[in-house]
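Structure first, commentary second.
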Amino acid sequence: MAGCTSRCRQGVLKLIQSLQRLVSGTLTKDNIDDELEMTTVCHRPEGLEQLEAQTNFSKQELQILYRGFKNECPSGVVNEETFKHIYAQFFPHGDASMYAHYLFNAFDTTNNGSIKFKDFVVGLSTLLRGTLREKLEWTFHLYDINRDGYINREEMTEIVRAIYDMMGKYTYPALKGDIPKQHVDAFFQKMDKNKDGVVTLEEFVIACQEDETMMRSMQLFENVM
């Protein structure tokens, strides 16, 4: 079991590395052909055409990402423990466990405790290549921890605090305990238009689109993704 978990972690790390190369443009056509040849030998993703239609990734990109996800993790799923372990490696100076927990739940749309390739690649497609509206909707659902269709102060405070914890003391050397609360108070003052104590999806989207500073703050999420 331990060996399987280790291989799964390595596989997802390969996926992230391939994804970074795809986004940065350093994955050249020759690289794609080499990766694709190896992918074709190992795995043939089922429903590839449907995923291509559902995402903004090409068929070749999907096959490369699938190899990273499945080749070293035959079960085809990633559990929360593995996800947290991988995510922590990208933020060694902070505690990424809580943010990784919330991020995992956002990808786990079926709420079954695991992320399948489809869940992962559809979410990544939205975050990396979706429209502004799609990205904001996805971010809203991340903050909507209890999935009731609203963001309350407690939910936003938990996410913001998790982000600060993850970034660590080296990023925020003078961080005080009440900074996340101040951050949330400022957000709610701008977002909660009707002052009912919760933020709806439309209030969230409109506030982010109207306020450049808030939009930059929301894009912190993309940077830590």
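By convention in this document, the chains of the structure tokens carry letters A, B, ... by their order, each chain's residues are numbered from 1, and ligands are numbered from 1 in the order they are shown.
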task = Run DSSP on the backbone and grab whatever in stretch 42-198 of chain A lands in strand (DSSP E or B); send it over as a VMD selection string.
result = chain A and resid 77 to 79 114 to 116 151 to 152 198
key: Residues near A:Val78, cut-off 7 Å, only C-alpha atoms, skip fewer than 3 positions along chain, as a PyMOL selection string   = chain A and resi 82-83+114-116
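Excluding A:Thr126 itself and same-chain residues fewer than 2 positions from it, the residues having an atom within 10 Å of it are Gln54, Thr55, Asn56, Val121, Val122, Gly123, Leu124, Leu128, Arg129, Gly130, Thr131, Leu132, Arg133, Glu134, Lys135, Leu136, Glu137 and Trp138 of chain A, counting only C-alpha atoms.
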inquiry  = Can you measure atom CA of A:Lys118 to atom CA of A:Gly47 for me? One decimal in Å is fine.
reply    = 9.4 Å
ask   = Rounded to one decimal in Å, what is the spacing between atom CA of A:Met98 and atom CA of A:Thr213?
value = 25.2 Å
task = Compile the contact shell of stretch 145-154 of chain A as a PyMOL selection string: residues with an atom at most 7 Å away, counting only C-alpha atoms, same-chain residues fewer than 6 positions apart removed.
result = chain A and resi 184+197-201
Save out the residues we just selected, N, CA and C atoms, as a compact mmCIF listing (two decimals), in the first residue's frame.
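Writing done, so here's again22.txt:
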# COMPACT_ATOMS: atom_id res chain seq x y z
N VAL A 184 -11.19 40.05 5.34
CA VAL A 184 -12.57 39.61 5.10
C VAL A 184 -13.55 40.76 5.29
N GLY A 197 -25.50 39.79 5.29
CA GLY A 197 -24.56 38.93 6.00
C GLY A 197 -23.99 37.79 5.18
N VAL A 198 -24.42 37.65 3.93
CA VAL A 198 -23.88 36.61 3.06
C VAL A 198 -23.64 37.21 1.67
N VAL A 199 -22.77 36.55 0.90
CA VAL A 199 -22.45 36.99 -0.46
C VAL A 199 -22.96 35.95 -1.44
N THR A 200 -23.77 36.39 -2.39
CA THR A 200 -24.26 35.48 -3.43
C THR A 200 -23.24 35.41 -4.56
N LEU A 201 -23.46 34.47 -5.47
CA LEU A 201 -22.57 34.34 -6.62
C LEU A 201 -22.55 35.63 -7.43
